[in-house]
file structure-v3.txt (compact mmCIF, C-alpha atoms and all ligand atoms)
# COMPACT_ATOMS: atom_id res chain seq x y z
CA MET A 1 -63.38 -106.39 -12.56
CA SER A 2 -61.07 -109.28 -11.54
CA SER A 3 -61.55 -110.83 -8.09
CA ASP A 4 -58.10 -109.51 -7.04
CA ASN A 5 -59.07 -105.96 -8.00
CA LEU A 6 -62.40 -106.35 -6.26
CA GLU A 7 -60.64 -107.43 -3.06
CA TYR A 8 -58.50 -104.28 -3.17
CA LYS A 9 -61.55 -102.04 -3.80
CA ASN A 10 -63.38 -103.71 -0.91
CA ARG A 11 -60.73 -102.40 1.45
CA ILE A 12 -61.77 -98.77 0.88
CA LYS A 13 -63.07 -97.50 4.20
CA GLN A 14 -66.42 -96.13 3.08
CA ASN A 15 -68.23 -96.40 6.38
CA GLU A 16 -67.19 -94.81 9.63
CA SER A 17 -67.30 -98.00 11.72
CA ALA A 18 -64.70 -99.70 9.46
CA ALA A 19 -62.56 -96.59 9.78
CA GLU A 20 -63.08 -96.36 13.57
CA ALA A 21 -61.65 -99.88 13.91
CA TYR A 22 -58.36 -98.55 12.53
CA THR A 23 -58.12 -96.00 15.37
CA ALA A 24 -58.38 -98.91 17.83
CA ARG A 25 -55.14 -100.56 16.60
CA LYS A 26 -52.64 -101.57 19.28
CA ALA A 27 -50.89 -98.48 20.66
CA LYS A 28 -47.46 -100.13 20.49
CA LYS A 29 -47.91 -101.03 16.81
CA ASN A 30 -49.15 -97.53 16.03
CA GLU A 31 -46.21 -95.93 17.85
CA ALA A 32 -43.66 -98.14 16.04
CA GLU A 33 -45.18 -97.32 12.64
CA MET A 34 -45.31 -93.57 13.31
CA ALA A 35 -41.69 -93.71 14.59
CA LEU A 36 -40.76 -95.26 11.22
CA VAL A 37 -42.50 -92.41 9.36
CA LYS A 38 -40.76 -89.82 11.52
CA LYS A 39 -37.36 -91.45 11.03
CA ALA A 40 -37.80 -91.42 7.24
CA PHE A 41 -38.87 -87.76 7.13
CA ASP A 42 -35.88 -86.84 9.32
CA ARG A 43 -33.67 -88.15 6.47
CA CYS A 44 -35.21 -85.72 3.93
CA GLU A 45 -34.23 -82.09 3.39
CA ASN A 46 -36.11 -78.86 2.66
CA ILE A 47 -39.62 -80.25 2.91
CA GLU A 48 -42.44 -77.74 3.30
CA THR A 49 -45.59 -79.42 1.98
CA VAL A 50 -46.55 -83.09 2.31
CA LEU A 51 -49.35 -85.17 0.85
CA ASP A 52 -50.34 -88.20 2.95
CA ALA A 53 -52.07 -90.56 0.51
CA PRO A 54 -54.00 -92.52 1.62
CA CYS A 55 -54.44 -90.94 5.04
CA GLY A 56 -56.87 -93.49 6.50
CA VAL A 57 -57.93 -92.07 9.85
CA GLY A 58 -55.25 -89.39 9.67
CA ARG A 59 -52.56 -90.61 12.06
CA ALA A 60 -49.61 -89.78 9.75
CA THR A 61 -51.21 -86.51 8.58
CA ILE A 62 -51.43 -85.43 12.23
CA LEU A 63 -47.83 -86.53 12.89
CA LEU A 64 -46.58 -84.62 9.82
CA ALA A 65 -48.48 -81.50 10.86
CA SER A 66 -46.93 -81.79 14.34
CA MET A 67 -43.49 -81.96 12.67
CA GLY A 68 -44.16 -78.52 11.20
CA PHE A 69 -45.04 -79.50 7.62
CA LYS A 70 -48.04 -78.14 5.76
CA ALA A 71 -49.87 -81.47 5.51
CA THR A 72 -52.73 -82.67 3.32
CA GLY A 73 -54.35 -86.08 3.73
CA ILE A 74 -56.52 -87.78 1.13
CA ASP A 75 -58.47 -91.03 1.19
CA LEU A 76 -61.07 -92.54 -1.11
CA GLY A 77 -63.20 -93.75 1.79
CA ASP A 78 -65.79 -91.21 2.99
CA GLY A 79 -65.81 -92.92 6.39
CA ALA A 80 -62.02 -92.66 6.73
CA VAL A 81 -62.10 -88.97 5.75
CA LYS A 82 -64.81 -88.17 8.33
CA VAL A 83 -62.97 -89.99 11.13
CA ALA A 84 -59.63 -88.42 10.10
CA GLN A 85 -61.16 -84.93 10.21
CA ARG A 86 -62.50 -85.69 13.69
CA GLU A 87 -59.11 -87.04 14.88
CA LEU A 88 -57.37 -83.98 13.44
CA GLU A 89 -59.68 -81.65 15.33
CA LYS A 90 -59.07 -83.59 18.56
CA SER A 91 -55.30 -83.32 18.05
CA GLY A 92 -55.37 -79.53 17.77
CA GLU A 93 -53.05 -79.69 14.72
CA LYS A 94 -53.82 -77.89 11.44
CA ALA A 95 -54.00 -79.84 8.15
CA THR A 96 -56.32 -80.43 5.21
CA ILE A 97 -58.13 -83.75 4.86
CA GLU A 98 -60.29 -84.54 1.84
CA VAL A 99 -61.53 -87.26 -0.47
CA GLY A 100 -59.12 -88.27 -3.25
CA ASN A 101 -58.18 -91.26 -5.39
CA LEU A 102 -54.60 -92.52 -5.57
CA GLU A 103 -55.19 -93.92 -9.04
CA SER A 104 -55.85 -90.41 -10.31
CA LEU A 105 -54.78 -87.66 -7.90
CA HIS A 106 -56.59 -84.32 -8.23
CA PHE A 107 -53.43 -82.22 -7.68
CA GLY A 108 -51.15 -80.57 -10.21
CA ASP A 109 -47.65 -81.75 -11.11
CA GLN A 110 -45.09 -81.27 -8.29
CA ALA A 111 -47.77 -79.86 -5.98
CA PHE A 112 -46.03 -81.16 -2.80
CA SER A 113 -42.39 -81.27 -1.66
CA ALA A 114 -42.98 -84.87 -0.58
CA VAL A 115 -45.67 -87.52 -0.87
CA LEU A 116 -46.10 -90.27 1.70
CA CYS A 117 -47.87 -93.50 0.77
CA PHE A 118 -48.05 -95.60 3.93
CA ARG A 119 -49.56 -99.08 4.33
CA PHE A 120 -51.20 -99.10 0.90
CA TYR A 121 -48.88 -100.53 -1.76
CA HIS A 122 -49.08 -104.09 -0.38
CA HIS A 123 -52.84 -104.10 -1.10
CA LEU A 124 -52.30 -103.55 -4.83
CA PRO A 125 -52.90 -106.84 -6.64
CA ASN A 126 -50.88 -106.49 -9.86
CA ASN A 127 -48.07 -104.61 -11.59
CA GLU A 128 -50.35 -102.55 -13.80
CA ILE A 129 -52.11 -100.86 -10.90
CA ARG A 130 -48.85 -100.59 -8.91
CA GLN A 131 -47.21 -98.67 -11.78
CA LYS A 132 -50.31 -96.47 -12.18
CA VAL A 133 -50.25 -95.46 -8.49
CA ILE A 134 -46.45 -94.91 -8.48
CA SER A 135 -46.71 -92.69 -11.57
CA GLU A 136 -49.32 -90.56 -9.80
CA LEU A 137 -47.20 -90.28 -6.62
CA CYS A 138 -44.13 -89.27 -8.67
CA ARG A 139 -46.09 -86.75 -10.74
CA THR A 140 -47.49 -85.02 -7.65
CA ALA A 141 -44.21 -84.89 -5.67
CA LYS A 142 -41.50 -82.32 -6.35
CA ASP A 143 -38.61 -83.98 -4.50
CA TYR A 144 -39.47 -87.08 -2.49
CA VAL A 145 -41.84 -90.04 -2.45
CA LEU A 146 -41.84 -92.13 0.73
CA ILE A 147 -43.59 -95.44 0.24
CA SER A 148 -44.07 -98.42 2.52
CA HIS A 149 -43.87 -101.94 1.10
CA PHE A 150 -43.90 -105.47 2.41
CA SER A 151 -40.60 -107.30 2.08
CA PRO A 152 -40.77 -110.99 1.09
CA TYR A 153 -37.56 -111.59 3.12
CA SER A 154 -39.09 -111.52 6.58
CA PHE A 155 -40.44 -113.94 9.16
CA THR A 156 -43.97 -112.51 8.77
CA SER A 157 -43.98 -112.83 4.96
CA ILE A 158 -42.67 -116.39 5.03
CA LYS A 159 -45.31 -117.33 7.66
CA ARG A 160 -48.05 -115.78 5.45
CA LEU A 161 -46.76 -117.58 2.37
CA ILE A 162 -46.77 -120.98 4.10
CA ARG A 163 -50.32 -120.42 5.42
CA ASP A 164 -51.43 -119.39 1.95
CA LYS A 165 -49.80 -122.38 0.20
CA LEU A 166 -51.24 -124.80 2.76
CA LYS A 167 -54.65 -123.11 2.31
CA ILE A 168 -54.82 -122.35 6.05
CA LYS A 169 -55.37 -118.63 5.47
CA ARG A 170 -55.41 -116.83 2.16
CA SER A 171 -53.09 -113.85 2.11
CA ILE A 172 -54.50 -110.68 0.54
CA GLN A 173 -51.37 -108.73 1.30
CA HIS A 174 -48.71 -108.75 -1.39
CA ALA A 175 -45.01 -108.74 -0.59
CA THR A 176 -42.85 -107.32 -3.40
CA THR A 177 -39.10 -107.02 -3.79
CA LEU A 178 -37.33 -103.69 -3.35
CA ALA A 179 -35.78 -104.22 -6.80
CA SER A 180 -39.20 -104.39 -8.49
CA LEU A 181 -40.38 -101.30 -6.59
CA THR A 182 -37.21 -99.37 -7.49
CA LYS A 183 -37.55 -100.26 -11.17
CA LYS A 184 -41.01 -98.68 -11.23
CA PHE A 185 -39.71 -95.50 -9.56
CA GLU A 186 -36.73 -95.30 -11.89
CA SER A 187 -39.08 -95.33 -14.85
CA CYS A 188 -40.57 -92.11 -13.36
CA GLY A 189 -37.18 -90.42 -12.82
CA TYR A 190 -36.72 -91.24 -9.12
CA GLN A 191 -33.83 -92.98 -7.35
CA LEU A 192 -33.75 -94.93 -4.12
CA LEU A 193 -32.23 -92.88 -1.30
CA GLU A 194 -32.78 -95.34 1.56
CA ASP A 195 -34.95 -98.29 2.51
CA ILE A 196 -35.73 -98.42 6.23
CA PRO A 197 -37.05 -101.68 7.73
CA GLN A 198 -39.32 -101.55 10.76
CA ALA A 199 -37.44 -104.56 12.18
CA ARG A 200 -35.17 -106.24 9.59
CA PHE A 201 -36.00 -109.89 8.80
CA PHE A 202 -38.77 -109.95 11.41
CA HIS A 203 -41.46 -107.45 10.41
CA THR A 204 -42.38 -107.28 6.76
CA LEU A 205 -42.97 -103.50 6.77
CA HIS A 206 -40.32 -101.26 5.18
CA LEU A 207 -40.42 -97.58 4.29
CA ALA A 208 -38.46 -96.62 1.17
CA ILE A 209 -37.42 -93.06 0.34
CA TYR A 210 -37.17 -92.15 -3.34
CA LYS A 211 -35.70 -88.85 -4.54
CA LYS A 212 -36.41 -87.15 -7.85
CA GLN A 213 -33.39 -86.87 -10.13
CA TYR A 214 -33.17 -83.51 -11.90
CA THR A 215 -30.87 -83.21 -14.89
CA LEU A 216 -29.08 -79.90 -15.38
C1 LIG B 1 -54.47 -99.69 5.52
S1 LIG B 1 -55.21 -98.10 5.37
C2 LIG B 1 -53.77 -97.10 5.65
C3 LIG B 1 -54.09 -95.67 5.91
C4 LIG B 1 -52.93 -94.79 6.42
N1 LIG B 1 -51.89 -94.61 5.43
C5 LIG B 1 -52.35 -95.33 7.70
O1 LIG B 1 -51.28 -95.95 7.67
O2 LIG B 1 -52.98 -95.15 8.74
C6 LIG B 1 -55.51 -98.00 3.63
C7 LIG B 1 -56.46 -96.87 3.22
O3 LIG B 1 -56.47 -96.79 1.79
C8 LIG B 1 -57.73 -96.28 1.39
N2 LIG B 1 -57.85 -96.51 -0.06
C9 LIG B 1 -58.07 -97.69 -0.70
N3 LIG B 1 -58.03 -97.48 -2.05
C10 LIG B 1 -57.77 -96.15 -2.26
C11 LIG B 1 -57.59 -95.34 -3.42
N4 LIG B 1 -57.66 -95.85 -4.66
N5 LIG B 1 -57.33 -94.03 -3.25
C12 LIG B 1 -57.25 -93.48 -2.01
N6 LIG B 1 -57.42 -94.20 -0.87
C13 LIG B 1 -57.66 -95.52 -0.98
C14 LIG B 1 -58.69 -97.00 2.30
O4 LIG B 1 -59.94 -96.33 2.38
C15 LIG B 1 -57.91 -97.04 3.62
O5 LIG B 1 -58.28 -95.95 4.45

call {"tool": "encode", "arguments": {"input": "structure-v3.txt", "output": "structure tokens", "more": "lines below"}}
Ligand SMILES: C[S@@+](CC[C@H](N)C(=O)[O-])C[C@H]1O[C@@H](n2cnc3c(N)ncnc32)[C@H](O)[C@@H]1O
result
Amino acid sequence: MSSDNLEYKNRIKQNESAAEAYTARKAKKNEAEMALVKKAFDRCENIETVLDAPCGVGRATILLASMGFKATGIDLGDGAVKVAQRELEKSGEKATIEVGNLESLHFGDQAFSAVLCFRFYHHLPNNEIRQKVISELCRTAKDYVLISHFSPYSFTSIKRLIRDKLKIKRSIQHATTLASLTKKFESCGYQLLEDIPQARFFHTLHLAIYKKQYTL
């Protein structure tokens, strides 16, 4: 396995303490990210079932359940799944959380009205694995795929790039253009509906909504 791929695999939250650290993220950051997810779902129509992949410690799965969707969260990390199940129970919401791999999802075609893939794509080190994951998301969704990505045209991305080039801090997060992301979705029969930035030109995080195109 290449060192890039190994770096991505190392980020799987297998143990509970690594997963717990994610629940301790700054409240303001968490709120802003969940507001972005909510805003994107408010733009979609007729959603009943949602897959949150990967769910990490379950924050978006819980939000989606609270919005009235039948939500399922999957993550490859056993630790993340355990913590997410605990967080779900604490929240009082109802959802399903289980182990699953985004490179090969264990659900049938069009099993969910929408699939959310939040804060994951920027970890993927090359185009081959990016296309593999996108194909799986598109196969499993009936109508929408909502996917976050890191824009290269932002203060944060430029700062990371300079640090990386000057060897001050190596960046393991990959910014990609919206055009390259859209091309991959188009090859799976999806079109861009909207791309929502968290804070345009400042934060790197964007959430893009892709809609399946059905031909009559
Ligand atoms: C940065 S976290 C984001 C989690 C969640 N979407 C959120 O925003 O809170 C990334 C998660 O991806 C999981 N992960 C890494 N590779 C995976 C894979 N191939 N399939 C499923 N989950 C994976 C990790 O275990 C980790 O919990």

call {"tool": "atom_distance", "arguments": {"input": "structure-v3.txt", "atom1": "atom CA of Ala21 of chain A", "atom2": "atom CA of Thr156 of chain A"}}
result
22.3 Å

call {"tool": "residues_around", "arguments": {"input": "structure-v3.txt", "residues": "Lys142 of chain A", "least_positions_apart": "5", "cutoff": "9 Å", "atoms": "only C-alpha atoms", "output": "list in words"}}
result
Asp109, Gln110, Ala111, Phe112, Ser113, Ala114, Val115, Lys211 and Lys212 of chain A

call {"tool": "write_last_selection", "arguments": {"input": "structure-v3.txt", "atoms": "C-alpha atoms", "output": "compact mmCIF listing (two decimals), keeping the file's coordinate frame"}}
result
# COMPACT_ATOMS: atom_id res chain seq x y z
CA ASP A 109 -47.65 -81.75 -11.11
CA GLN A 110 -45.09 -81.27 -8.29
CA ALA A 111 -47.77 -79.86 -5.98
CA PHE A 112 -46.03 -81.16 -2.80
CA SER A 113 -42.39 -81.27 -1.66
CA ALA A 114 -42.98 -84.87 -0.58
CA VAL A 115 -45.67 -87.52 -0.87
CA LYS A 211 -35.70 -88.85 -4.54
CA LYS A 212 -36.41 -87.15 -7.85

call {"tool": "closest_residue", "arguments": {"input": "structure-v3.txt", "among": "A:Lys70, A:His203, A:Lys167, A:Arg130", "to": "ligand LIG 1 (chain B)", "atoms": "only C-alpha atoms and all ligand atoms"}}
result
A:Arg130

call {"tool": "closest_atom_pairs", "arguments": {"input": "structure-v3.txt", "of": "chain A", "to": "ligand LIG 1 (chain B)", "cutoff": "7 Å", "atoms": "all atoms listed in the file", "output": "JSON lines"}}
result
{"residue": "A:Tyr8", "atom": "CA", "partner": "B:LIG1", "partner_atom": "N3", "distance": 6.9}
{"residue": "A:Lys9", "atom": "CA", "partner": "B:LIG1", "partner_atom": "N3", "distance": 6.0}
{"residue": "A:Arg11", "atom": "CA", "partner": "B:LIG1", "partner_atom": "C9", "distance": 5.8}
{"residue": "A:Ile12", "atom": "CA", "partner": "B:LIG1", "partner_atom": "O4", "distance": 3.4}
{"residue": "A:Lys13", "atom": "CA", "partner": "B:LIG1", "partner_atom": "O4", "distance": 3.8}
{"residue": "A:Gln14", "atom": "CA", "partner": "B:LIG1", "partner_atom": "O4", "distance": 6.5}
{"residue": "A:Ala19", "atom": "CA", "partner": "B:LIG1", "partner_atom": "O5", "distance": 6.9}
{"residue": "A:Ala53", "atom": "CA", "partner": "B:LIG1", "partner_atom": "N1", "distance": 6.4}
{"residue": "A:Pro54", "atom": "CA", "partner": "B:LIG1", "partner_atom": "N6", "distance": 4.6}
{"residue": "A:Cys55", "atom": "CA", "partner": "B:LIG1", "partner_atom": "C4", "distance": 4.4}
{"residue": "A:Gly56", "atom": "CA", "partner": "B:LIG1", "partner_atom": "O5", "distance": 3.5}
{"residue": "A:Val57", "atom": "CA", "partner": "B:LIG1", "partner_atom": "O2", "distance": 5.9}
{"residue": "A:Gly58", "atom": "CA", "partner": "B:LIG1", "partner_atom": "O2", "distance": 6.3}
{"residue": "A:Arg59", "atom": "CA", "partner": "B:LIG1", "partner_atom": "O2", "distance": 5.6}
{"residue": "A:Ala60", "atom": "CA", "partner": "B:LIG1", "partner_atom": "O2", "distance": 6.4}
{"residue": "A:Ile74", "atom": "CA", "partner": "B:LIG1", "partner_atom": "C12", "distance": 6.5}
{"residue": "A:Asp75", "atom": "CA", "partner": "B:LIG1", "partner_atom": "N6", "distance": 3.9}
{"residue": "A:Leu76", "atom": "CA", "partner": "B:LIG1", "partner_atom": "N6", "distance": 4.0}
{"residue": "A:Gly77", "atom": "CA", "partner": "B:LIG1", "partner_atom": "O4", "distance": 4.2}
{"residue": "A:Ala80", "atom": "CA", "partner": "B:LIG1", "partner_atom": "O5", "distance": 5.5}
{"residue": "A:Gly100", "atom": "CA", "partner": "B:LIG1", "partner_atom": "C12", "distance": 5.7}
{"residue": "A:Asn101", "atom": "CA", "partner": "B:LIG1", "partner_atom": "N5", "distance": 3.6}
{"residue": "A:Leu102", "atom": "CA", "partner": "B:LIG1", "partner_atom": "N5", "distance": 3.9}
{"residue": "A:Glu103", "atom": "CA", "partner": "B:LIG1", "partner_atom": "N4", "distance": 5.4}
{"residue": "A:Cys117", "atom": "CA", "partner": "B:LIG1", "partner_atom": "N1", "distance": 6.3}
{"residue": "A:Phe118", "atom": "CA", "partner": "B:LIG1", "partner_atom": "N1", "distance": 4.2}
{"residue": "A:Arg119", "atom": "CA", "partner": "B:LIG1", "partner_atom": "C2", "distance": 4.8}
{"residue": "A:Phe120", "atom": "CA", "partner": "B:LIG1", "partner_atom": "C6", "distance": 5.2}

call {"tool": "closest_residue", "arguments": {"input": "structure-v3.txt", "among": "A:Gln213, A:Glu186, A:Val81, A:Ala208", "to": "Phe41 of chain A", "atoms": "all atoms listed in the file"}}
result
A:Ala208

call {"tool": "atom_distance", "arguments": {"input": "structure-v3.txt", "atom1": "atom CA of Gln198 of chain A", "atom2": "atom CA of Thr61 of chain A"}}
result
19.3 Å

call {"tool": "closest_residue", "arguments": {"input": "structure-v3.txt", "among": "A:Glu45, A:Thr176, A:Val37, A:Ile209", "to": "His122 of chain A", "atoms": "all atoms listed in the file"}}
result
A:Thr176

call {"tool": "closest_residue", "arguments": {"input": "structure-v3.txt", "among": "A:Phe69, A:Lys29, A:Lys39, A:Ala141", "to": "Gly108 of chain A", "atoms": "only C-alpha atoms"}}
result
A:Ala141

call {"tool": "closest_residue", "arguments": {"input": "structure-v3.txt", "among": "A:Ala24, A:Leu63, A:Cys44, A:Leu105", "to": "Leu146 of chain A", "atoms": "all atoms listed in the file"}}
result
A:Cys44

call {"tool": "atom_distance", "arguments": {"input": "structure-v3.txt", "atom1": "atom CA of Thr140 of chain A", "atom2": "atom CA of Ala179 of chain A"}}
result
22.5 Å

call {"tool": "residues_around", "arguments": {"input": "structure-v3.txt", "residues": "segment 131-135 of chain A", "least_positions_apart": "3", "cutoff": "7 Å", "atoms": "only C-alpha atoms", "output": "mmCIF file with C-alpha atoms, in the coordinates of the input"}}
result
data_model
loop_
_atom_site.group_PDB
_atom_site.id
_atom_site.type_symbol
_atom_site.label_atom_id
_atom_site.label_comp_id
_atom_site.auth_asym_id
_atom_site.auth_seq_id
_atom_site.Cartn_x
_atom_site.Cartn_y
_atom_site.Cartn_z
ATOM 1 C CA LEU A 102 -54.600 -92.520 -5.570
ATOM 2 C CA GLU A 103 -55.190 -93.920 -9.040
ATOM 3 C CA ASN A 127 -48.070 -104.610 -11.590
ATOM 4 C CA GLU A 128 -50.350 -102.550 -13.800
ATOM 5 C CA CYS A 138 -44.130 -89.270 -8.670
ATOM 6 C CA ARG A 139 -46.090 -86.750 -10.740
ATOM 7 C CA LYS A 184 -41.010 -98.680 -11.230
ATOM 8 C CA PHE A 185 -39.710 -95.500 -9.560
ATOM 9 C CA CYS A 188 -40.570 -92.110 -13.360
#

call {"tool": "residues_around", "arguments": {"input": "structure-v3.txt", "residues": "His149 of chain A", "least_positions_apart": "5", "cutoff": "6 Å", "atoms": "all atoms listed in the file", "output": "list in words"}}
result
Tyr121, His122, Leu205 and His206 of chain A

call {"tool": "residues_near_point", "arguments": {"input": "structure-v3.txt", "point": "(-55.0, -78.7, 9.1)", "cutoff": "10 Å", "atoms": "all atoms listed in the file", "output": "ChimeraX atom specification"}}
result
/A:61-62,65,70-73,85,88-89,92-97

call {"tool": "residues_around", "arguments": {"input": "structure-v3.txt", "residues": "Phe155 of chain A", "least_positions_apart": "2", "cutoff": "9 Å", "atoms": "all atoms listed in the file", "output": "list in words"}}
result
Pro152, Tyr153, Ser157, Ile158, Lys159, Arg160, Phe201, Phe202, His203 and Thr204 of chain A

call {"tool": "axis_aligned_box", "arguments": {"input": "structure-v3.txt", "around": "segment 75-83 of chain A", "padding_each_side": "5 Å", "output": "AutoDock Vina command-line options"}}
result
--center_x -62.1 --center_y -91.0 --center_z 5.0 --size_x 17.3 --size_y 15.6 --size_z 22.2

call {"tool": "closest_residue", "arguments": {"input": "structure-v3.txt", "among": "A:Asp52, A:Leu36, A:Ala175, A:Val99", "to": "Asp195 of chain A", "atoms": "only C-alpha atoms"}}
result
A:Leu36
